[in-house]
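File shown: structure_20.cif. Contents: mmCIF, C-alpha atoms.
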data_entry
loop_
_atom_site.label_atom_id
_atom_site.label_comp_id
_atom_site.auth_asym_id
_atom_site.auth_seq_id
_atom_site.Cartn_x
_atom_site.Cartn_y
_atom_site.Cartn_z
CA MET C 1463 6.10 49.98 78.13
CA LYS C 1464 4.90 52.88 80.27
CA HIS C 1465 3.86 56.40 79.40
CA ARG C 1466 3.34 59.49 81.53
CA LEU C 1467 -0.10 60.76 80.63
CA THR C 1468 -2.31 63.69 81.45
CA PRO C 1469 -4.80 63.43 84.32
CA LEU C 1470 -7.54 62.80 81.76
CA LEU C 1471 -5.81 59.70 80.41
CA ALA C 1472 -4.46 58.64 83.78
CA ALA C 1473 -8.04 57.88 84.77
CA PHE C 1474 -8.23 55.45 81.87
CA ALA C 1475 -6.69 51.99 82.02
CA LEU C 1476 -7.38 48.76 80.35
CA ALA C 1477 -6.32 46.47 83.16
CA CYS C 1478 -6.94 46.17 86.82
CA ALA C 1479 -5.64 44.46 89.93
CA CYS C 1480 -6.40 40.76 90.08
CA VAL C 1481 -8.83 40.38 93.00
CA PRO C 1482 -10.64 37.03 93.14
CA ALA C 1483 -14.42 37.20 93.50
CA ALA C 1484 -16.65 34.40 94.72
CA ALA C 1485 -19.77 36.08 93.38
CA TRP C 1486 -20.74 38.99 91.21
CA SER C 1487 -19.28 41.85 93.17
CA SER C 1488 -20.07 45.45 92.33
CA PRO C 1489 -17.97 47.04 91.02
CA LEU C 1490 -16.18 44.37 89.00
CA THR C 1491 -12.43 44.05 88.49
CA LEU C 1492 -10.95 42.28 85.51
CA GLN C 1493 -10.12 39.13 87.46
CA ALA C 1494 -13.54 39.11 89.10
CA ALA C 1495 -15.19 39.34 85.68
CA ILE C 1496 -13.05 36.46 84.40
CA ASP C 1497 -13.85 34.31 87.45
CA LEU C 1498 -17.54 35.05 87.05
CA ALA C 1499 -17.52 34.15 83.36
CA LEU C 1500 -15.61 30.91 84.02
CA ARG C 1501 -18.26 29.87 86.56
CA ALA C 1502 -21.41 30.94 84.74
CA ASN C 1503 -20.69 30.91 81.00
CA PRO C 1504 -23.34 28.66 79.39
CA THR C 1505 -21.06 27.39 76.63
CA LEU C 1506 -18.39 26.44 79.13
CA ARG C 1507 -20.96 24.63 81.25
CA ALA C 1508 -22.03 22.68 78.17
CA ALA C 1509 -18.41 21.67 77.58
CA GLY C 1510 -18.22 20.43 81.17
CA SER C 1511 -21.37 18.38 80.65
CA GLU C 1512 -19.76 16.77 77.60
CA VAL C 1513 -16.74 15.77 79.68
CA ALA C 1514 -19.04 14.19 82.27
CA ALA C 1515 -20.94 12.38 79.52
CA GLN C 1516 -17.73 10.91 78.16
CA GLU C 1517 -17.04 9.36 81.56
CA GLY C 1518 -20.26 7.41 81.17
CA ALA C 1519 -19.30 6.44 77.63
CA LEU C 1520 -15.96 5.12 78.88
CA THR C 1521 -17.68 3.04 81.54
CA GLN C 1522 -20.11 1.64 78.98
CA ALA C 1523 -17.31 0.78 76.55
CA GLY C 1524 -15.70 -1.51 79.11
CA THR C 1525 -18.79 -3.56 79.91
CA LEU C 1526 -19.13 -7.17 78.85
CA PRO C 1527 -22.02 -8.25 76.56
CA ASN C 1528 -25.06 -9.65 78.35
CA PRO C 1529 -25.86 -13.38 78.13
CA GLU C 1530 -29.19 -14.48 76.65
CA LEU C 1531 -31.65 -16.90 78.28
CA GLU C 1532 -33.74 -18.91 75.81
CA LEU C 1533 -36.70 -21.15 76.66
CA LEU C 1534 -38.16 -23.51 74.03
CA ARG C 1535 -41.18 -25.84 74.40
CA GLU C 1536 -42.20 -28.37 71.71
CA GLY C 1537 -45.38 -30.43 71.66
CA GLU C 1538 -48.88 -29.93 73.11
CA GLY C 1539 -49.52 -32.83 75.43
CA SER C 1540 -47.65 -33.39 78.68
CA GLY C 1541 -46.56 -36.85 77.56
CA ASN C 1542 -44.71 -35.78 74.43
CA ARG C 1543 -43.68 -32.28 75.44
CA THR C 1544 -40.04 -31.28 75.11
CA THR C 1545 -38.71 -28.32 77.10
CA THR C 1546 -35.30 -26.81 76.45
CA ALA C 1547 -33.63 -24.01 78.46
CA THR C 1548 -30.34 -22.60 77.20
CA LEU C 1549 -28.03 -19.78 78.21
CA ASN C 1550 -26.16 -18.13 75.34
CA ILE C 1551 -22.91 -16.55 76.53
CA PRO C 1552 -21.24 -14.26 73.96
CA ILE C 1553 -17.46 -14.17 74.02
CA GLU C 1554 -15.79 -11.23 72.25
CA LEU C 1555 -12.62 -12.09 70.35
CA GLY C 1556 -10.04 -10.02 68.52
CA GLY C 1557 -9.58 -7.40 71.27
CA LYS C 1558 -12.88 -5.61 70.61
CA ARG C 1559 -13.42 -4.60 74.23
CA ALA C 1560 -9.93 -3.14 74.60
CA ALA C 1561 -10.32 -1.29 71.31
CA ARG C 1562 -13.67 0.15 72.43
CA VAL C 1563 -12.19 1.34 75.71
CA ASP C 1564 -9.25 2.93 73.92
CA ALA C 1565 -11.55 4.77 71.50
CA ALA C 1566 -13.79 5.96 74.35
CA ARG C 1567 -10.77 7.14 76.31
CA GLN C 1568 -9.60 9.15 73.29
CA GLU C 1569 -13.07 10.70 73.00
CA GLY C 1570 -12.89 11.70 76.65
CA GLN C 1571 -9.54 13.36 76.06
CA LEU C 1572 -11.00 15.25 73.10
CA ALA C 1573 -13.83 16.51 75.30
CA ALA C 1574 -11.41 17.57 78.04
CA ILE C 1575 -9.20 19.47 75.58
CA ALA C 1576 -12.27 21.11 74.05
CA GLN C 1577 -13.35 22.22 77.51
CA GLU C 1578 -9.89 23.65 78.15
CA ALA C 1579 -9.95 25.49 74.83
CA GLU C 1580 -13.40 26.90 75.61
CA ARG C 1581 -12.17 28.02 79.01
CA ASP C 1582 -9.25 29.86 77.37
CA LYS C 1583 -11.65 31.42 74.88
CA VAL C 1584 -14.02 32.61 77.60
CA ARG C 1585 -11.09 34.04 79.56
CA ALA C 1586 -9.74 35.88 76.51
CA ASP C 1587 -13.18 37.09 75.42
CA THR C 1588 -13.89 38.40 78.91
CA ALA C 1589 -10.59 40.26 79.08
CA ALA C 1590 -11.17 41.85 75.68
CA ALA C 1591 -14.79 42.74 76.52
CA PHE C 1592 -13.75 44.20 79.88
CA HIS C 1593 -11.17 46.42 78.23
CA ASP C 1594 -13.71 47.50 75.64
CA VAL C 1595 -16.10 48.57 78.41
CA VAL C 1596 -13.39 50.57 80.18
CA ALA C 1597 -12.44 52.25 76.91
CA ALA C 1598 -16.08 52.97 76.12
CA GLN C 1599 -16.55 54.48 79.57
CA GLU C 1600 -13.62 56.81 78.99
CA ARG C 1601 -14.90 57.79 75.55
CA GLU C 1602 -18.32 58.54 76.99
CA ARG C 1603 -16.74 60.63 79.76
CA MET C 1604 -14.66 62.59 77.25
CA ALA C 1605 -17.72 63.13 75.08
CA GLN C 1606 -19.62 64.56 78.04
CA GLU C 1607 -16.66 66.78 78.82
CA LEU C 1608 -16.69 68.08 75.25
CA VAL C 1609 -20.41 68.86 75.60
CA ALA C 1610 -19.66 70.89 78.71
CA LEU C 1611 -16.77 72.70 76.98
CA ALA C 1612 -18.93 73.46 73.98
CA GLY C 1613 -21.65 74.79 76.28
CA ARG C 1614 -19.22 77.11 78.02
CA ALA C 1615 -17.86 78.27 74.67
CA LEU C 1616 -21.39 79.00 73.47
CA ALA C 1617 -22.15 81.00 76.60
CA ALA C 1618 -18.92 82.97 76.23
CA ALA C 1619 -19.66 83.63 72.56
CA GLY C 1620 -23.14 84.85 73.42
CA LYS C 1621 -21.75 87.36 75.93
CA ARG C 1622 -19.20 88.64 73.46
CA VAL C 1623 -21.84 89.00 70.76
CA GLU C 1624 -23.96 91.05 73.17
CA ALA C 1625 -20.92 93.19 73.95
CA GLY C 1626 -20.32 93.69 70.25
CA THR C 1627 -16.84 92.16 70.26
CA LEU C 1628 -17.75 89.01 68.34
CA SER C 1629 -19.66 88.33 65.16
CA PRO C 1630 -23.02 86.52 65.46
CA VAL C 1631 -21.66 84.01 62.95
CA GLU C 1632 -19.23 82.82 65.60
CA GLU C 1633 -22.09 82.24 68.00
CA THR C 1634 -23.85 80.15 65.36
CA ARG C 1635 -20.69 78.10 64.89
CA ALA C 1636 -20.48 77.56 68.63
CA ARG C 1637 -24.10 76.39 68.71
CA VAL C 1638 -23.44 73.95 65.85
CA ALA C 1639 -20.34 72.68 67.64
CA GLN C 1640 -22.38 72.11 70.80
CA GLY C 1641 -24.98 70.15 68.82
CA SER C 1642 -22.28 67.99 67.24
CA ALA C 1643 -20.76 67.33 70.66
CA ARG C 1644 -24.13 66.24 72.02
CA ILE C 1645 -24.60 63.85 69.10
CA GLU C 1646 -21.16 62.36 69.71
CA ALA C 1647 -22.03 61.98 73.40
CA LEU C 1648 -25.19 60.06 72.47
CA GLN C 1649 -23.18 57.78 70.17
CA ALA C 1650 -20.58 57.24 72.89
CA GLY C 1651 -23.33 56.30 75.34
CA ARG C 1652 -24.78 53.85 72.84
CA ASP C 1653 -21.35 52.27 72.26
CA LEU C 1654 -20.85 51.97 76.02
CA GLU C 1655 -24.17 50.20 76.47
CA GLY C 1656 -23.30 47.78 73.67
CA ALA C 1657 -19.93 47.01 75.26
CA ARG C 1658 -21.58 46.42 78.64
CA ILE C 1659 -24.12 44.05 77.07
CA ARG C 1660 -21.36 42.03 75.36
CA LEU C 1661 -19.44 41.70 78.62
CA ALA C 1662 -22.43 40.71 80.75
CA ALA C 1663 -23.54 38.19 78.10
CA LEU C 1664 -20.43 36.13 78.83
CA TRP C 1665 -22.03 35.02 82.10
CA ALA C 1666 -25.66 35.62 81.04
CA GLY C 1667 -25.81 38.61 83.35
CA ASP C 1668 -27.75 41.86 83.33
CA SER C 1669 -25.72 44.72 81.87
CA ARG C 1670 -27.80 47.24 83.82
CA ARG C 1671 -26.21 45.99 87.06
CA LEU C 1672 -22.70 46.13 85.64
CA THR C 1673 -20.17 48.48 87.23
CA ILE C 1674 -16.52 48.41 86.23
CA VAL C 1675 -13.58 49.34 88.45
CA ALA C 1676 -11.59 52.23 86.94
CA PRO C 1677 -7.88 51.66 87.70
CA GLN C 1678 -5.56 54.51 88.55
CA ALA C 1679 -2.77 53.93 86.02
CA ALA C 1680 -2.85 53.00 82.37
CA THR C 1681 -1.09 49.73 81.48
CA LEU C 1682 -0.33 48.02 78.21
CA PRO C 1683 0.19 44.31 77.47
CA LEU C 1684 3.63 42.91 76.80
CA ALA C 1685 4.66 41.91 73.28
CA ALA C 1686 6.83 38.78 73.37
CA PRO C 1687 8.92 37.96 70.29
CA LEU C 1688 6.99 36.15 67.59
CA ASP C 1689 9.46 33.24 67.51
CA THR C 1690 8.91 32.69 71.24
CA LEU C 1691 5.16 32.55 70.72
CA LEU C 1692 5.44 30.22 67.73
CA ALA C 1693 7.55 27.84 69.82
CA GLN C 1694 4.67 27.54 72.30
CA LEU C 1695 2.07 26.90 69.64
CA ASP C 1696 2.64 23.14 69.54
CA GLN C 1697 1.28 22.83 73.10
CA SER C 1698 -1.79 24.96 72.45
CA PRO C 1699 -5.23 23.38 73.03
CA ALA C 1700 -6.05 23.48 69.31
CA MET C 1701 -2.91 21.55 68.32
CA ARG C 1702 -3.34 19.04 71.15
CA HIS C 1703 -6.94 18.56 70.06
CA ALA C 1704 -5.80 17.91 66.48
CA ARG C 1705 -3.20 15.35 67.62
CA THR C 1706 -5.70 13.64 69.90
CA GLU C 1707 -8.19 13.50 67.04
CA VAL C 1708 -5.60 11.56 65.02
CA GLY C 1709 -5.17 9.14 67.93
CA HIS C 1710 -8.94 8.80 68.23
CA ARG C 1711 -9.29 7.96 64.55
CA GLU C 1712 -6.50 5.41 64.83
CA ALA C 1713 -8.29 3.82 67.80
CA LEU C 1714 -11.50 3.62 65.76
CA ALA C 1715 -9.55 1.97 62.93
CA ARG C 1716 -8.21 -0.64 65.36
CA LEU C 1717 -11.77 -1.25 66.56
CA GLU C 1718 -12.99 -1.84 63.01
CA ARG C 1719 -10.12 -4.27 62.41
CA ALA C 1720 -11.04 -6.11 65.60
CA ARG C 1721 -14.61 -6.44 64.41
CA ARG C 1722 -13.40 -8.54 61.49
CA THR C 1723 -12.81 -11.36 63.98
CA PRO C 1724 -16.11 -13.21 64.59
CA ASP C 1725 -17.40 -13.49 68.14
CA VAL C 1726 -18.30 -16.86 69.65
CA ASN C 1727 -21.53 -17.74 71.47
CA VAL C 1728 -21.25 -20.57 73.99
CA ILE C 1729 -24.58 -22.35 74.55
CA VAL C 1730 -25.19 -24.10 77.89
CA GLY C 1731 -28.54 -25.53 78.90
CA ALA C 1732 -30.80 -28.47 79.78
CA GLN C 1733 -33.53 -30.39 77.95
CA ARG C 1734 -36.43 -32.51 79.25
CA GLU C 1735 -38.65 -34.79 77.12
CA GLY C 1736 -41.86 -35.75 78.90
CA PRO C 1737 -42.65 -35.67 82.60
CA ASP C 1738 -40.76 -38.84 83.50
CA THR C 1739 -37.55 -38.27 81.54
CA ARG C 1740 -34.40 -37.05 83.20
CA ASN C 1741 -32.84 -33.73 82.12
CA ARG C 1742 -30.23 -33.86 79.42
CA ALA C 1743 -27.38 -31.40 79.20
CA VAL C 1744 -27.21 -29.15 76.16
CA LEU C 1745 -23.86 -27.75 75.03
CA GLY C 1746 -23.26 -25.81 71.87
CA LEU C 1747 -21.13 -23.30 70.07
CA SER C 1748 -22.30 -20.62 67.65
CA VAL C 1749 -19.79 -18.99 65.32
CA PRO C 1750 -20.80 -16.63 62.47
CA LEU C 1751 -19.11 -17.44 59.17
CA PRO C 1752 -17.47 -14.30 57.63
CA LEU C 1753 -18.29 -15.31 54.06
CA PHE C 1754 -19.88 -12.09 52.78
CA ASN C 1755 -19.22 -9.41 55.38
CA ARG C 1756 -15.65 -9.13 56.56
CA ASN C 1757 -16.05 -5.46 57.61
CA ASP C 1758 -13.63 -4.42 54.86
CA GLY C 1759 -15.63 -1.31 53.99
CA ALA C 1760 -15.71 -0.07 57.56
CA VAL C 1761 -11.96 -0.68 57.92
CA LEU C 1762 -11.25 1.27 54.75
CA ASP C 1763 -13.52 4.09 55.90
CA ALA C 1764 -11.72 4.28 59.26
CA LEU C 1765 -8.28 4.29 57.64
CA ARG C 1766 -9.22 7.11 55.28
CA ARG C 1767 -10.55 9.10 58.21
CA VAL C 1768 -7.18 8.66 59.90
CA ASP C 1769 -5.59 10.22 56.82
CA LYS C 1770 -8.15 13.02 56.95
CA ALA C 1771 -7.38 13.71 60.62
CA ARG C 1772 -3.66 13.93 59.86
CA ASP C 1773 -4.30 16.37 57.01
CA GLN C 1774 -6.53 18.43 59.28
CA GLN C 1775 -3.77 18.48 61.89
CA ASP C 1776 -1.39 19.96 59.31
CA ALA C 1777 -4.03 22.47 58.21
CA GLU C 1778 -4.71 23.44 61.82
CA GLY C 1779 -1.02 24.13 62.38
CA VAL C 1780 -0.89 26.39 59.31
CA ARG C 1781 -4.04 28.24 60.41
CA LEU C 1782 -2.84 28.75 63.97
CA ARG C 1783 0.56 30.05 62.85
CA ALA C 1784 -1.10 32.54 60.51
CA GLU C 1785 -3.57 33.73 63.16
CA LEU C 1786 -0.82 34.01 65.76
CA ALA C 1787 1.37 36.05 63.39
CA GLN C 1788 -1.56 38.35 62.58
CA ALA C 1789 -2.43 38.86 66.26
CA HIS C 1790 1.23 39.58 67.07
CA ALA C 1791 1.41 42.11 64.24
CA ARG C 1792 -1.75 43.81 65.53
CA LEU C 1793 -0.30 43.93 69.04
CA THR C 1794 3.04 45.42 68.01
CA ALA C 1795 1.34 47.95 65.73
CA ALA C 1796 -1.07 49.01 68.49
CA LEU C 1797 1.77 49.38 71.01
CA ALA C 1798 3.75 51.46 68.54
CA GLU C 1799 0.70 53.64 67.95
CA CYS C 1800 0.25 54.09 71.70
CA SER C 1801 3.87 55.13 72.07
CA LEU C 1802 3.65 57.61 69.21
CA ILE C 1803 0.40 59.20 70.38
CA ALA C 1804 1.42 59.41 74.04
CA GLY C 1805 4.89 60.70 73.25
CA ASP C 1806 4.28 63.14 70.40
CA VAL C 1807 0.65 63.69 69.45
CA LEU C 1808 -1.02 64.18 72.84
CA PRO C 1809 1.49 66.67 74.28
CA GLY C 1810 1.27 68.79 71.14
CA ALA C 1811 -2.53 68.67 71.09
CA GLU C 1812 -2.69 69.65 74.76
CA ASP C 1813 -0.29 72.56 74.22
CA ALA C 1814 -2.33 73.73 71.23
CA GLN C 1815 -5.56 73.54 73.23
CA ARG C 1816 -4.11 75.54 76.13
CA ALA C 1817 -2.66 78.13 73.75
CA ALA C 1818 -5.97 78.47 71.90
CA ASN C 1819 -7.89 78.98 75.15
CA ARG C 1820 -5.39 81.54 76.38
CA GLY C 1821 -5.35 83.36 73.06
CA PHE C 1822 -9.15 83.43 72.95
CA GLU C 1823 -9.23 84.98 76.43
CA LEU C 1824 -6.77 87.66 75.25
CA GLY C 1825 -8.69 88.26 72.04
CA LYS C 1826 -5.92 86.96 69.77
CA PHE C 1827 -7.78 83.87 68.51
CA GLY C 1828 -11.31 83.34 67.36
CA LEU C 1829 -13.80 80.90 68.77
CA ILE C 1830 -13.39 78.56 65.82
CA ASP C 1831 -9.70 78.17 66.72
CA VAL C 1832 -10.63 77.15 70.26
CA LEU C 1833 -13.22 74.63 69.07
CA ASP C 1834 -10.79 73.16 66.54
CA ALA C 1835 -8.10 72.76 69.19
CA GLN C 1836 -10.55 71.05 71.53
CA ARG C 1837 -11.69 68.69 68.81
CA VAL C 1838 -8.14 67.79 67.81
CA LEU C 1839 -7.29 67.01 71.43
CA ALA C 1840 -10.42 64.86 71.79
CA GLN C 1841 -9.60 62.99 68.57
CA SER C 1842 -6.04 62.36 69.77
CA LYS C 1843 -7.28 60.97 73.07
CA ASN C 1844 -9.82 58.82 71.27
CA GLN C 1845 -7.07 57.47 68.99
CA TYR C 1846 -5.06 56.55 72.08
CA LEU C 1847 -8.05 54.79 73.61
CA ASN C 1848 -8.64 52.83 70.41
CA ALA C 1849 -4.97 51.83 70.23
CA VAL C 1850 -4.87 50.64 73.85
CA ALA C 1851 -8.10 48.70 73.44
CA GLU C 1852 -6.79 47.12 70.23
CA SER C 1853 -3.56 46.11 71.99
CA HIS C 1854 -5.55 44.29 74.68
CA ARG C 1855 -7.79 42.61 72.10
CA ALA C 1856 -4.72 41.38 70.21
CA ALA C 1857 -3.13 40.16 73.46
CA ALA C 1858 -6.35 38.34 74.32
CA ASP C 1859 -6.35 36.64 70.91
CA ILE C 1860 -2.76 35.50 71.49
CA ALA C 1861 -3.73 34.13 74.90
CA ARG C 1862 -6.69 32.31 73.34
CA LEU C 1863 -4.51 30.74 70.64
CA LEU C 1864 -1.77 29.66 73.03
CA GLY C 1865 -4.02 28.76 75.94
CA HIS C 1866 -2.38 31.15 78.39
CA ALA C 1867 -4.10 31.65 81.71
CA ALA C 1868 -3.56 35.40 81.72
CA VAL C 1869 -2.28 38.25 79.61
CA GLN C 1870 0.92 39.77 80.90
CA GLU C 1871 0.97 43.54 81.22
CA ASN C 1872 3.58 46.16 81.84
CA PRO C 1873 3.79 47.25 85.44
#
Just give me the structure as structure tokens.
Amino acid sequence: MKHRLTPLLAAFALACACVPAAAWSSPLTLQAAIDLALRANPTLRAAGSEVAAQEGALTQAGTLPNPELELLREGEGSGNRTTTATLNIPIELGGKRAARVDAARQEGQLAAIAQEAERDKVRADTAAAFHDVVAAQERERMAQELVALAGRALAAAGKRVEAGTLSPVEETRARVAQGSARIEALQAGRDLEGARIRLAALWAGDSRRLTIVAPQAATLPLAAPLDTLLAQLDQSPAMRHARTEVGHREALARLERARRTPDVNVIVGAQREGPDTRNRAVLGLSVPLPLFNRNDGAVLDALRRVDKARDQQDAEGVRLRAELAQAHARLTAALAECSLIAGDVLPGAEDAQRAANRGFELGKFGLIDVLDAQRVLAQSKNQYLNAVAESHRAAADIARLLGHAAVQENP
């Protein structure tokens, strides 16, 4: 979707050319901001540390239990002293080690999927924040332009009042309009600073050093059919995380079942009685008797948590479908609003503003008519900016839900 806009709106765009950046370059493009956030976002770094930690957990899960060395001495005198040295070697039965490794591997997959989801979130948040900054910059520029227009109108009204061709009331109205325009400019500047802070916070940067590239042509994101998006939802990071969580809980249930099988300790050693007695071999076997604790409670707990994970998977699917449908509705509504404003509202507001200025110069219209026309045009442009920014926020939410690497835009 592409619109032919006035020079004022042509300077505004909510996308930019994708230019990779190895460091914080000034000014920043959209892709450079995304690359910077992906490298320096603290939350994303924490997710990467969790993935690295799970590698250690997987290694630990596959280790064998350590043997135990036991030394025992009986008696006080050297003639009747008995010394026994044994090595207790635990042997795991029931597939406990394999079950531990499987559970740890599932946990590692959960951490990797969570890191991927966080990366998609950072990418989407950066795109939305970048577009908000560009929109805020354009609003602040328009507000400053309105201040200048109001100042010129006030000066013209003052000259006409001195010439006796205009009522002093009109000059007062022009002064009030200039004051209102200055207040709106201050608010626009405050909104711009807030948008810059939110963007720089994604990589813990300083918003005061932030400069955004202003593209030359306005672009809007594409709106794919909702059914197409819903078909991709099953492979989203959130759904894959929910399915992996079910597998993880099933692996933990298998581990608890394996723990019902008692482990065996093999005892190997030597015993000496007195200084002149030869060593005697010591062999033994230690097996716990599962008379009171058969791990039934832990098995039941693990099985119920499997059921819980499956229910949460279903709930996650319902939530994601609802959020995706809402984001798609926001996107289509914003694109429709952009089309309506660019095609009908803005041309009419621009024509009315030009006619009011011309009529004021010829003495056919009053100053209040000129100020009203200027304000209507500014409101129309601001509505367009809000609609474009909302379309990019909705597209970023869709990308976050589906795990897309980038938001497609109209050329």
Could you state the separation of atom CA of Ala1618 of chain C and atom CA of Gln1841 of chain C in Å, given to one decimal place? 23.3 Å
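Distances to Ser1642 of chain C were evaluated for C:Val1623, C:Ala1861, C:Leu1664, C:Val1609 using all atoms listed in the file, and the minimum falls at C:Val1609.
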Using only C-alpha atoms, pick whichever of C:Arg1820, C:Arg1722, C:Arg1772, C:Arg1702 has the shortest atom-to-atom distance to Gly1556 of chain C. C:Arg1722
Go ahead and compute the interatomic distance for atom CA of Ala1732 of chain C and atom CA of Thr1546 of chain C, in Å to one decimal. 5.8 Å
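Closest approach to Ile1551 of chain C among C:Pro1529, C:Gly1524, C:Gly1570, C:Gly1828 is made by C:Pro1529 (distances from only C-alpha atoms).
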To test the calculation: enclose all listed atoms of segment 1830-1841 of chain C in a box whose edges run along x, y and z, add 3 Å on each side, then state centre and edge lengths in Å to one decimal, as JSON.
{"center_x": -10.3, "center_y": 70.8, "center_z": 68.8, "size_x": 12.1, "size_y": 21.6, "size_z": 12.0}
Apply the PyMOL selection byres ((chain C and resi 1800-1804) around 8) to the file shown and report the selected residues as a ChimeraX atom specification. /C:1465-1467,1796-1799,1805-1809,1842,1845-1846,1849-1850
Starting from the PyMOL selection byres ((chain C and resi 1502) around 12), expand the selection into actual residues of this file and give them as a ChimeraX atom specification. /C:1484-1486,1495-1501,1503-1508,1510,1581,1584-1585,1662-1667
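When all atoms listed in the file are used to compute distances to Lys1558 of chain C, the closest of the residues C:Gly1518, C:Pro1724, C:Gly1537, C:Gly1736 turns out to be C:Pro1724.
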